[in-house]
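What follows is one structure encoded as structure tokens, with my remarks underneath.
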Amino acid sequence: MAYSLSHQELISIAGEFGTPVYVYHAEKIKEQYEKLVAAFEGCNTRFFYASKALTNINIVRYIDSIGCSIDCSSINEVRIALEAGVAKENILYTSNGIDFSEIEAAAGYGVHINIDSLPNLEKFGKKYGHGYPVGIRLRPNIMAGGNLKISTGHDKSKFGIPVQQLEAIKKIVAEHRIFIRTLHLHTGSDISDADVFVKGFEVLFDLIPSFPELEVIDLGGGFKVPYVPGEKAIDLRVLARKVKQSFDDHQLAGNKSLQIWFEPGKFLVSECGYLITKVNVIKDNSDQVFAGVNSGLNHLIRPMMYDAFHYIENISNPGGPLKRYNVTGYICETDNFATDRSLPEIREGDLLVLYNAGAYGFEMASNYNSRYRPAEVMVREGRARLIRKADSFDDLLRNQVLLP
Ligand SMILES: *Cc1c(COP(=O)(O)O)cnc(C)c1O
């Protein structure tokens, strides 16, 4: 686990911008991207950043600037990418459960589209026929990922068209002569086992002969990053080797070479992010000591939503004697960030940093308890700059309609 901003830098950012604050280190994202590129060198591969992990327009623009494409989960994410200046050829919209009008909107923008239901595929065929190359999101019926909530390819999952409906897909495709460019699957998040991707591959390989115009196999995202010191990330070299091997094993008709797409979210932005909080109160209940910080599940919901582990440091007193704490938020709801965690002695006013806060942190933040969402700061070339203001009281009332 490599955190690239020092305690001193984080303390100075907290001093300048206040707390709570989300901080993102741009160069760390680049480092992660370069790991992907290096591991898959020699493979015909393209990476699309799953922007739902962190959609601040400056982050999207930065990721575009380092040569990575952008994957979107809603039409508004497509609009943010366009707003950031990303070329339409470098934007992919992987839809699920959406109204057909959003697919029409995406086609209007000219971006790549993956369709995930038979009804939308049918509507797409009727409207665009052979004229707009498109992808199909399939459900491979594979269990993968850190836990059930973040597993998306299993045989009870809502995502994708189940592979056993292949005949129905083929019928629609044939009827409207749909240009199927891509077969897509995304099995889940926090995947540490390269074999999961290979299994996905194997499922897709069987389908390739059914789609002669195929150009792309899209294996989705979900690469695991370390959350606990000492924990391992997915081994990209092993993954790349297995992917190459699988491709070599399956010689395609006419030696046609398929491009492989991936959609990493977490892998690119998890470790670049820090949530800096300040300790409001120490509550010593003799059997347990609570350190209550000026944040909560309104800012970072992953611990309560996914039982996610976020490494925490007391950057105000790193050398203090170790004691055990429950680090909690100020929301009127049980919102533990950590339970019975050993940390250097925590005092009122200390700064606690939650690591791996880049992915699904700010992005899932809310105004619950009428609290403000925090500011976001981006550090690039050693300079810390504000990229989103914290909410203000006006923001809380902005869209409310006061009846006379
Ligand atoms: C969320 C998502 C991803 C990214 O998942 P990570 O675990 O953040 O890598 C990729 N593809 C699709 C379709 C997604 O919905």
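Each chain in the structure tokens gets a letter, A, B, ..., in the order shown, and its residues are numbered from 1; ligands are numbered from 1 in order too.
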With only C-alpha atoms and all ligand atoms counted, collect every polymer residue having an atom within 9 Å of ligand 1; state the result as a PyMOL selection string. chain A and resi 48-53+71-73+93-96+114+137+145+150+152+159+184-191+219-224+262-270+359-360
For Gly18 (chain A), find every residue with an atom within 10 Å (counting only C-alpha atoms), except residues of its own chain fewer than 6 positions away, and show them as a list in words.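 My list of contacting residues is Ile11, Ser12, Ile276, Thr277, Lys278, Pro374, Ala375 and Ala390 of chain A.
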Need the shell around region 227-229 of chain A: protein/DNA/RNA residues with any atom at most 8 Å away, counting only C-alpha atoms. Skip same-chain ones fewer than 3 positions apart. Format as a VMD selection string? chain A and resid 1 309 to 311 355 to 356
Using only C-alpha atoms, find the one residue out of A:Glu83, A:Glu175, A:Glu381, A:Glu363 that sits nearest to Lys126 (chain A).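 Comparing A:Glu83, A:Glu175, A:Glu381, A:Glu363 against Lys126 (chain A), the winner is A:Glu175.
For the choices A:Val134, A:Met305, A:Ala107, A:Ile217, the atom-to-atom distance to Ile178 (chain A) is smallest for A:Val134 when using only C-alpha atoms.
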Residues at most 10 Å from Lys156 (chain A), counting only C-alpha atoms, excluding those fewer than 2 positions away in the same chain, as JSON, numbers by chain? {"A": [139, 141, 142, 143, 152, 153, 154, 158, 159, 162]}
Name all residues at most 6 Å from Leu236 (chain A) (count only C-alpha atoms; drop same-chain ones fewer than 3 positions away) and give them as JSON, numbers by chain. {"A": [39, 239, 240]}
Long-range neighbours of Pro321 (chain A) as a count of residues only, 12 Å cut-off, only C-alpha atoms, 6 positions minimum in chain: 7
Straight-line distance linking CA of Leu297 (chain A) with CA of Asp335 (chain A), stated in Å to one decimal: 5.6 Å
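Taking CA of Lys88 (chain A) and CA of Gln32 (chain A) as endpoints, the distance between them is 23.6 Å.
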Counting only C-alpha atoms, figure out which residue out of A:Asn367, A:Asn294, A:Gln165, A:Thr328 gets nearest to Asp391 (chain A).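 Looking only at the distances to Asp391 (chain A), the closest residue turns out to be A:Asn367.
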Long-range neighbours of Pro133 (chain A) as a PyMOL selection string, 7 Å cut-off, only C-alpha atoms, 5 positions minimum in chain: chain A and resi 179-181
